[in-house]
2 protein chains.
Amino acid sequence: MKRRNYLLFLSMIAMFVTRVAAEDGSRLWLRQTAGDSIVHISIPRQSPTLNIAAEELRKDWKGVPVELHIDKKQEKTKSAEGFCIRSGKDKIIITSRSEIGLLYGSYHLLRLQATHTLPSSESAQPIYEVPAFKLRILNHWDNLDGTVERGYAGQSLWKWDELPDKLSPRYTEYARANASIGINGTVLNNVNASPQILSEEYLQKIKTLADIFRPYGIRVFLSINFATPIVLGGLPTADPLDKDVIHWWKQKIKQIYHLIPDFGGFLVKANSEGQPGPCDYGRTHAQGANMLADALKPYKGIVMWRAFVYSPTDADRAKQAYLEFQPLNGQFHSNVIVQIKNGPVDFQPREPYSPLFGAMPQTQQMVEFQITQEYLGFSNHIAFLAPMWKEFYNFVSPTTLKAVAGVSNIGTDTNWCGHHFAQANWYAFGRLAWNPHLSSEKIADEWLKQTLYINVENTKDEVHTSLKQLMLESREAIVNYMMPLGLHHLFAWGHHYGPQPWCNIAGTRPDWMPSYYHKADEQGIGFNRSSTGSNAVMQYPDSLRQLYNNIYTCPEEYLLWFHHVPWTHTLSSGFTLWEELCKHYDHGVQQVREFQKIWNSAQNYIDSTRFVEIQSKLKIQMRDAIWWKDACLLYFQQFSKKSFPYSIEQPIHELNELQKAILPISNFECPDSKLLNAIR
Amino acid sequence: MKRRNYLLFLSMIAMFVTRVAAEDGSRLWLRQTAGDSIVHISIPRQSPTLNIAAEELRKDWKGVPVELHIDKKQEKTKSAEGFCIRSGKDKIIITSRSEIGLLYGSYHLLRLQATHTLPSSESAQPIYEVPAFKLRILNHWDNLDGTVERGYAGQSLWKWDELPDKLSPRYTEYARANASIGINGTVLNNVNASPQILSEEYLQKIKTLADIFRPYGIRVFLSINFATPIVLGGLPTADPLDKDVIHWWKQKIKQIYHLIPDFGGFLVKANSEGQPGPCDYGRTHAQGANMLADALKPYKGIVMWRAFVYSPTDADRAKQAYLEFQPLNGQFHSNVIVQIKNGPVDFQPREPYSPLFGAMPQTQQMVEFQITQEYLGFSNHIAFLAPMWKEFYNFVSPTTLKAVAGVSNIGTDTNWCGHHFAQANWYAFGRLAWNPHLSSEKIADEWLKQTLYINVENTKDEVHTSLKQLMLESREAIVNYMMPLGLHHLFAWGHHYGPQPWCNIAGTRPDWMPSYYHKADEQGIGFNRSSTGSNAVMQYPDSLRQLYNNIYTCPEEYLLWFHHVPWTHTLSSGFTLWEELCKHYDHGVQQVREFQKIWNSAQNYIDSTRFVEIQSKLKIQMRDAIWWKDACLLYFQQFSKKSFPYSIEQPIHELNELQKAILPISNFECPDSKLLNAIR
């Protein structure tokens, strides 16, 4: 049998094998289970972590023998988590200063194999890999009752009722998936934290999880409620300068580390959206954070203190976090990291970066991304977020950040994330946390090849190229059909799924109303944050401030974020603002139409289960895109009083019907087509 | 003031006047109410009809004085209803052999004025107009309880409870509208007739209506229930050869003519869809019709006997009417006209013509069109039907027909027809009944100019051209998105609104099921009516039979009507049947998208009330078109097992959801967007 024919034969077998295997998405990007290989794998010693590495290689590796070596002196990999892969004719050697580095190296080798990017043995230079961030953390917004705030993939993974006695197989699978992409920390519970999480009962459960995660290099963190000493400790106060409070925390932390010696530390949402915090006692955020940090320091624990605050210290919410936190520059202790959302408002489809980044040079900072698609169509829309996160890094250098956190999109759904494509965001978060210089295309390429195809080699190049294009365009398509040109927060009340630019609920905070953000009137639309308005531009460095402050130089993707622009203002295309707004919304709709075509044309290369499930999601997304376009354009047309350009698809909805409809969902669920079709 | 400026000034006034006037569609194409003119109108004598003519001219005519003359010897106008218009410098003279001819001439003159097509006085040749058909009749499918079968414009116009004492102003408006387009007969009640219509009580009411209609040249006809002698007369039988039955009918007819001396006659649906008829007594349709005809003959009344029968004398419903009626050729008396639907099945968006036409040379025939859009989207879709009716005349010469009937689309809705554009079908029916050689474009042009614009002269040519294009394409668009390439009767059970190609209701007639008509299977789709199938082609004249019988010569618009065609069969485009089917459905959808654009671009030239109402209807039509496309293509895809071409809009619906949804409407109503949005 010639080699070519032999490969064809092999791939036909592989096709058959994977075709009959259940493709329900549960195996994520780790689908290579062709049975134990006979390849020789050598590890330096027996240990839980090294045993995992060996097992993974034995299961999947199909090349020459692999040796794992601990090399304490390895230089090029400055981090202990780094590794080096050297491939020769007869064997491959992975070296690292640590066991976890060898596990990461093993997963990397398997990734190269799965994506058909193994360097040929002759020419191969050694591959050195080191993570850019020391802390690469998932934030779970999981509540103790099993719900997940902004979770669209079922219930919480953590079965608190069953722990610590009964263990879900998902705990290990979760750790394995994270390790395979280099995630090394997890905050188990919602930032809107229940004090109960620190009870002895729960700490026992958490210890059990930590034990499972440890061999995979994953440390456990917890979100804490600042008032826990009152609720759980029975103290009269949670004042961070109160001796009893300090004592209580020290004891609690001692108790935690007794159970979990490598416990990571606390994530704190304080004095934000109704959560308790040090400001309740006239203390600063720094005083609150430092008290906890000092108590954690003996154990090398850290505090991640969220800067997501927006008490109305200023009429412009976008300015408030900066106004509150920037003056605290230099006041945080060395094991505190201020955790800042990428944008100044709240995880919108597009925001300029938060100007707080770089504005506190004497304070450690980290970025919080949102992997779960709270503002991007939940688990119904395809929104590949690598391009959004990389856009952030265009403004904020990774070297200025101590860590990166991502709000998880994981739940009990069979496919983990609700939408098969949403797995790509978990994957991309991990890969970019490891190396923010990876291109979005490279990540999409990797994910597609590992996750989606029946057989990579049999998949037509043009299909693969189209699917990559779909992924790479997907976030911009959402920006287009939801909130183009710098519009933001036009979302429906509470759940943030559909459009509700008209939303007006008496007695609520003005900055929870879309009109606060779009400010549409007969003259124009947009939030004037220039020097003639709220002057939020002032918070940006000179060069950007000048660019953003001028309506003629402000990048058009941020135009309505920084300016209230007349409907008749001419944009760079030569069209007026109104026309461009219409064209952007329409372009978003057409992009999704194209996504449907691309997807349907990939049918022969995807298993039928996932093919149909994703096809159905795309139908929802298609109708949602039209819904967004119609709702926003028909609503804004009331102000612009201009007709729709002839070139765009004309509305199919009635504004008054859309305005009457309410989507009956909580903040914990993703609406299905039945619910949605009833209202749009 | 220069003439040009003066005209501009006048048109501005006109614009203002018509802008403030209520434009609710109630005035139909008769909107010229600029107040009484001072133009001199001369009539030969006072009479109800001539007084109407004079009043119409006084109200609207804005030119030189008009004289109406009775000219008994007028030659060129062979029919007494014809007229001649001669225009000179100082006056216009309308002549006719009859008063009603003068009224028709007056309306024609006003139509020329309203459409800006008055010949200039210098060059003008006399205008001669004669109707092509002597009988131009509306069939109302109105029930005595006020419902209208297949009526989508509210309730019946006839307020039986109020008659004969209280008179709706609509009775006169109805007569006027009909007279203005030359309609000269009306069958007041449903062909599924209640015997009650012939009761003394009802005849008094009918007499009242006939008195109102008479000056407008409109004669009243009635649909009768063949079993009326039993139900109303108390006889034991309705056998047409029974002496008592014959006597009963003679007495009844005498009674009718006593009240209504110009009564037109009877329309009869017998032995069809459960209605009683002569066949119940072993008599033929001819025997039944002749008995009634003989009784009507002394009064010059006629019988219109419907050939819409389809008892299963053959496995192919399309053949049944021919099989039952053709053998009766020559057996009908001289005042019987056999009324045949234009196609052999039932008012589908496209059918080949019924081969019964021309197949009974010794029997008088008339065609029955359906103005109400039972199979064309009810009063929600724009379907300008002139092109469909003219398509029929391509096969059946008007000279072979004695009369033309149209099933009315009129009801109590403010705008008469439910959809403003549906008025154009009432209008077109009348105009084509008068002159079937008028082009569809000419009729659309007339209707638009008279009915829709704020001001004809101010309306941009390109807008007018686009709207005409919209009307002229509209029926073909429906064929495309509902049933292209000869498909037929894929309609939802009972009400016939949406698609239900999968419909399968146990225990019902097979020929009421869509699968009876589409016969989709894994090989292909379509009803084999060729010589290898049901051989329905046999009923057509040689030249057509040969054309239709061959899959390669059969016109593609009838392809699936006459053939069961393999999915892979290549059509003239070079694409396969499956591809062409997809492309046709998609093209229909794109056509409606274009209609929306055209309509929205006409906004400045239409009053806002009707603009918005029609805009809303187009939104319903748009979503319905997608619904049709998705339902049919997703359903047929189960048989073809082929993917959708990349070029078409991909489905946004789930087949299983569409299959579950039921539209909760009766046969008497048009669903609104709320009902529809709940199911698609």
# chains A, B, ... in the order shown; residues from 1 in each chain; ligands from 1
$ residues_around --residues "A:Val39" --least-positions-apart "4" --cutoff "10 Å" --atoms "only C-alpha atoms" --output "ChimeraX atom specification"
/A:57-66
$ residues_around --residues "stretch 184-198 of chain A" --least-positions-apart "5" --cutoff "6 Å" --atoms "only C-alpha atoms" --output "mmCIF file with N, CA, C and O atoms, in the first residue's frame"
data_model
loop_
_atom_site.group_PDB
_atom_site.id
_atom_site.type_symbol
_atom_site.label_atom_id
_atom_site.label_comp_id
_atom_site.auth_asym_id
_atom_site.auth_seq_id
_atom_site.Cartn_x
_atom_site.Cartn_y
_atom_site.Cartn_z
ATOM 1 N N ARG A 136 -3.998 33.114 35.359
ATOM 2 C CA ARG A 136 -4.930 32.982 34.228
ATOM 3 C C ARG A 136 -6.200 32.327 34.783
ATOM 4 O O ARG A 136 -6.276 31.112 34.917
ATOM 5 N N ILE A 137 -7.162 33.185 35.100
ATOM 6 C CA ILE A 137 -8.216 32.757 36.033
ATOM 7 C C ILE A 137 -9.608 32.816 35.417
ATOM 8 O O ILE A 137 -9.964 33.784 34.742
ATOM 9 N N LEU A 138 -10.374 31.790 35.656
ATOM 10 C CA LEU A 138 -11.796 31.835 35.326
ATOM 11 C C LEU A 138 -12.579 32.354 36.525
ATOM 12 O O LEU A 138 -12.348 31.909 37.649
ATOM 13 N N ASN A 139 -13.492 33.287 36.273
ATOM 14 C CA ASN A 139 -14.426 33.710 37.316
ATOM 15 C C ASN A 139 -15.786 33.066 37.065
ATOM 16 O O ASN A 139 -16.399 33.324 36.025
ATOM 17 N N HIS A 140 -16.205 32.258 38.008
ATOM 18 C CA HIS A 140 -17.553 31.676 37.896
ATOM 19 C C HIS A 140 -18.530 32.553 38.657
ATOM 20 O O HIS A 140 -18.307 32.845 39.827
ATOM 21 N N TRP A 141 -19.595 32.954 37.950
ATOM 22 C CA TRP A 141 -20.632 33.723 38.647
ATOM 23 C C TRP A 141 -21.719 32.758 39.122
ATOM 24 O O TRP A 141 -22.904 32.987 38.931
ATOM 25 N N ASP A 142 -21.263 31.675 39.741
ATOM 26 C CA ASP A 142 -22.170 30.601 40.160
ATOM 27 C C ASP A 142 -22.677 30.859 41.577
ATOM 28 O O ASP A 142 -21.896 31.157 42.493
ATOM 29 N N ASN A 143 -23.981 30.744 41.719
ATOM 30 C CA ASN A 143 -24.584 30.916 43.033
ATOM 31 C C ASN A 143 -24.697 29.562 43.741
ATOM 32 O O ASN A 143 -24.680 28.506 43.090
ATOM 33 N N GLY A 217 -2.854 21.711 37.973
ATOM 34 C CA GLY A 217 -2.235 23.031 38.097
ATOM 35 C C GLY A 217 -3.218 24.156 38.336
ATOM 36 O O GLY A 217 -2.903 25.322 38.106
ATOM 37 N N ILE A 218 -4.407 23.799 38.793
ATOM 38 C CA ILE A 218 -5.428 24.829 38.974
ATOM 39 C C ILE A 218 -5.641 25.113 40.457
ATOM 40 O O ILE A 218 -5.936 24.203 41.244
ATOM 41 N N ARG A 219 -5.470 26.383 40.832
ATOM 42 C CA ARG A 219 -5.690 26.776 42.218
ATOM 43 C C ARG A 219 -7.077 27.383 42.360
ATOM 44 O O ARG A 219 -7.602 28.021 41.447
ATOM 45 N N VAL A 220 -7.624 27.192 43.544
ATOM 46 C CA VAL A 220 -8.973 27.673 43.823
ATOM 47 C C VAL A 220 -8.929 29.036 44.504
ATOM 48 O O VAL A 220 -8.096 29.277 45.386
ATOM 49 N N PHE A 221 -9.798 29.934 44.047
ATOM 50 C CA PHE A 221 -10.030 31.244 44.674
ATOM 51 C C PHE A 221 -11.511 31.320 45.037
ATOM 52 O O PHE A 221 -12.339 30.572 44.516
ATOM 53 N N LEU A 222 -11.834 32.255 45.916
ATOM 54 C CA LEU A 222 -13.245 32.451 46.250
ATOM 55 C C LEU A 222 -13.612 33.932 46.184
ATOM 56 O O LEU A 222 -12.796 34.794 46.537
ATOM 57 N N SER A 223 -14.834 34.186 45.715
ATOM 58 C CA SER A 223 -15.408 35.529 45.873
ATOM 59 C C SER A 223 -15.928 35.615 47.292
ATOM 60 O O SER A 223 -16.545 34.663 47.800
ATOM 61 N N ILE A 224 -15.677 36.733 47.939
ATOM 62 C CA ILE A 224 -16.198 36.843 49.307
ATOM 63 C C ILE A 224 -17.144 38.035 49.433
ATOM 64 O O ILE A 224 -17.078 39.003 48.663
ATOM 65 N N ASN A 225 -18.019 37.916 50.362
ATOM 66 C CA ASN A 225 -18.927 39.002 50.702
ATOM 67 C C ASN A 225 -18.261 39.781 51.837
ATOM 68 O O ASN A 225 -17.868 39.206 52.859
ATOM 69 N N THR A 228 -19.184 39.315 55.493
ATOM 70 C CA THR A 228 -19.193 37.967 56.058
ATOM 71 C C THR A 228 -18.935 37.940 57.570
ATOM 72 O O THR A 228 -19.578 37.163 58.293
ATOM 73 N N LYS A 269 -16.064 41.997 45.190
ATOM 74 C CA LYS A 269 -16.901 43.054 44.628
ATOM 75 C C LYS A 269 -17.455 43.811 45.819
ATOM 76 O O LYS A 269 -18.294 43.281 46.560
#
$ closest_residue --among "B:Pro664, B:Pro645, B:Pro229, B:Pro164" --to "chain A" --atoms "only C-alpha atoms"
B:Pro645
$ atom_distance --atom1 "atom CA of B:Ala383" --atom2 "atom CA of B:Arg475"
4.7 Å
$ closest_atom_pairs --of "chain A" --to "chain B" --cutoff "12 Å" --atoms "only C-alpha atoms" --output "JSON lines"
{"residue": "A:Val589", "atom": "CA", "partner": "B:Glu649", "partner_atom": "CA", "distance": 11.6}
{"residue": "A:Gln590", "atom": "CA", "partner": "B:Glu649", "partner_atom": "CA", "distance": 9.8}
{"residue": "A:Gln591", "atom": "CA", "partner": "B:Glu649", "partner_atom": "CA", "distance": 11.6}
{"residue": "A:Val592", "atom": "CA", "partner": "B:Gln650", "partner_atom": "CA", "distance": 10.2}
{"residue": "A:Arg593", "atom": "CA", "partner": "B:Glu649", "partner_atom": "CA", "distance": 6.7}
{"residue": "A:Glu594", "atom": "CA", "partner": "B:Glu649", "partner_atom": "CA", "distance": 8.4}
{"residue": "A:Phe595", "atom": "CA", "partner": "B:Gln650", "partner_atom": "CA", "distance": 9.5}
{"residue": "A:Gln596", "atom": "CA", "partner": "B:Gln650", "partner_atom": "CA", "distance": 6.2}
{"residue": "A:Lys597", "atom": "CA", "partner": "B:Tyr646", "partner_atom": "CA", "distance": 5.7}
{"residue": "A:Ile598", "atom": "CA", "partner": "B:Tyr646", "partner_atom": "CA", "distance": 7.8}
{"residue": "A:Trp599", "atom": "CA", "partner": "B:Gln650", "partner_atom": "CA", "distance": 9.8}
{"residue": "A:Asn600", "atom": "CA", "partner": "B:Ser643", "partner_atom": "CA", "distance": 7.5}
{"residue": "A:Ser601", "atom": "CA", "partner": "B:Tyr646", "partner_atom": "CA", "distance": 6.9}
{"residue": "A:Ala602", "atom": "CA", "partner": "B:Ser643", "partner_atom": "CA", "distance": 10.2}
{"residue": "A:Gln603", "atom": "CA", "partner": "B:Ser643", "partner_atom": "CA", "distance": 8.4}
{"residue": "A:Asn604", "atom": "CA", "partner": "B:Ser643", "partner_atom": "CA", "distance": 9.9}
{"residue": "A:Val612", "atom": "CA", "partner": "B:Glu654", "partner_atom": "CA", "distance": 10.3}
{"residue": "A:Glu613", "atom": "CA", "partner": "B:Glu654", "partner_atom": "CA", "distance": 11.1}
{"residue": "A:Gln615", "atom": "CA", "partner": "B:Ile652", "partner_atom": "CA", "distance": 9.2}
{"residue": "A:Ser616", "atom": "CA", "partner": "B:Glu654", "partner_atom": "CA", "distance": 7.3}
{"residue": "A:Lys617", "atom": "CA", "partner": "B:Ile652", "partner_atom": "CA", "distance": 9.7}
{"residue": "A:Leu618", "atom": "CA", "partner": "B:Ile652", "partner_atom": "CA", "distance": 8.0}
{"residue": "A:Lys619", "atom": "CA", "partner": "B:Ile652", "partner_atom": "CA", "distance": 4.5}
{"residue": "A:Ile620", "atom": "CA", "partner": "B:Ile652", "partner_atom": "CA", "distance": 7.2}
{"residue": "A:Gln621", "atom": "CA", "partner": "B:Ile652", "partner_atom": "CA", "distance": 9.0}
{"residue": "A:Met622", "atom": "CA", "partner": "B:Ile652", "partner_atom": "CA", "distance": 6.8}
{"residue": "A:Arg623", "atom": "CA", "partner": "B:Ile652", "partner_atom": "CA", "distance": 6.9}
{"residue": "A:Asp624", "atom": "CA", "partner": "B:Ile652", "partner_atom": "CA", "distance": 10.4}
{"residue": "A:Ala625", "atom": "CA", "partner": "B:Ile652", "partner_atom": "CA", "distance": 11.4}
{"residue": "A:Ile626", "atom": "CA", "partner": "B:Ile652", "partner_atom": "CA", "distance": 11.0}
{"residue": "A:Asp630", "atom": "CA", "partner": "B:Lys619", "partner_atom": "CA", "distance": 11.3}
{"residue": "A:Lys642", "atom": "CA", "partner": "B:Gln603", "partner_atom": "CA", "distance": 10.7}
{"residue": "A:Ser643", "atom": "CA", "partner": "B:Asn600", "partner_atom": "CA", "distance": 7.5}
{"residue": "A:Phe644", "atom": "CA", "partner": "B:Asn600", "partner_atom": "CA", "distance": 7.7}
{"residue": "A:Pro645", "atom": "CA", "partner": "B:Ser601", "partner_atom": "CA", "distance": 8.5}
{"residue": "A:Tyr646", "atom": "CA", "partner": "B:Lys597", "partner_atom": "CA", "distance": 5.7}
{"residue": "A:Ser647", "atom": "CA", "partner": "B:Lys597", "partner_atom": "CA", "distance": 7.9}
{"residue": "A:Ile648", "atom": "CA", "partner": "B:Lys597", "partner_atom": "CA", "distance": 8.1}
{"residue": "A:Glu649", "atom": "CA", "partner": "B:Arg593", "partner_atom": "CA", "distance": 6.7}
{"residue": "A:Gln650", "atom": "CA", "partner": "B:Gln596", "partner_atom": "CA", "distance": 6.2}
{"residue": "A:Pro651", "atom": "CA", "partner": "B:Lys619", "partner_atom": "CA", "distance": 7.1}
{"residue": "A:Ile652", "atom": "CA", "partner": "B:Lys619", "partner_atom": "CA", "distance": 4.5}
{"residue": "A:His653", "atom": "CA", "partner": "B:Lys619", "partner_atom": "CA", "distance": 6.6}
{"residue": "A:Glu654", "atom": "CA", "partner": "B:Ser616", "partner_atom": "CA", "distance": 7.3}
{"residue": "A:Leu655", "atom": "CA", "partner": "B:Ser616", "partner_atom": "CA", "distance": 10.5}
{"residue": "A:Asn656", "atom": "CA", "partner": "B:Ser616", "partner_atom": "CA", "distance": 11.5}
{"residue": "A:Glu657", "atom": "CA", "partner": "B:Lys674", "partner_atom": "CA", "distance": 8.4}
{"residue": "A:Leu658", "atom": "CA", "partner": "B:Lys674", "partner_atom": "CA", "distance": 11.0}
{"residue": "A:Lys660", "atom": "CA", "partner": "B:Lys674", "partner_atom": "CA", "distance": 11.6}
{"residue": "A:Ala661", "atom": "CA", "partner": "B:Lys674", "partner_atom": "CA", "distance": 11.1}
{"residue": "A:Ser673", "atom": "CA", "partner": "B:Glu654", "partner_atom": "CA", "distance": 9.2}
{"residue": "A:Lys674", "atom": "CA", "partner": "B:Glu657", "partner_atom": "CA", "distance": 8.4}
{"residue": "A:Leu675", "atom": "CA", "partner": "B:Ala678", "partner_atom": "CA", "distance": 9.9}
{"residue": "A:Leu676", "atom": "CA", "partner": "B:Ala678", "partner_atom": "CA", "distance": 9.9}
{"residue": "A:Asn677", "atom": "CA", "partner": "B:Ala678", "partner_atom": "CA", "distance": 6.7}
{"residue": "A:Ala678", "atom": "CA", "partner": "B:Ala678", "partner_atom": "CA", "distance": 5.1}
{"residue": "A:Ile679", "atom": "CA", "partner": "B:Asn677", "partner_atom": "CA", "distance": 7.7}
{"residue": "A:Arg680", "atom": "CA", "partner": "B:Asn677", "partner_atom": "CA", "distance": 7.1}
$ select_by_dssp --residues "stretch 136-351 of chain A" --states "alpha helix (DSSP H)" --output "JSON, numbers by chain"
{"A": [169, 170, 171, 172, 173, 174, 175, 176, 177, 178, 179, 180, 200, 201, 202, 203, 204, 205, 206, 207, 208, 209, 210, 211, 212, 213, 228, 229, 230, 231, 243, 244, 245, 246, 247, 248, 249, 250, 251, 252, 253, 254, 255, 256, 257, 258, 259, 285, 286, 287, 288, 289, 290, 291, 292, 293, 294, 295, 296, 317, 318, 319, 320, 321, 322, 323, 324, 325]}
$ closest_residue --among "B:Phe611, B:Lys89, B:Cys503, B:Leu102" --to "B:Ser121" --atoms "only C-alpha atoms"
B:Lys89
$ select_by_dssp --residues "stretch 390-606 of chain A" --states "strand (DSSP E)" --output "count of residues only"
9
$ atom_distance --atom1 "atom CA of A:Tyr540" --atom2 "atom CA of A:Pro355"
5.4 Å
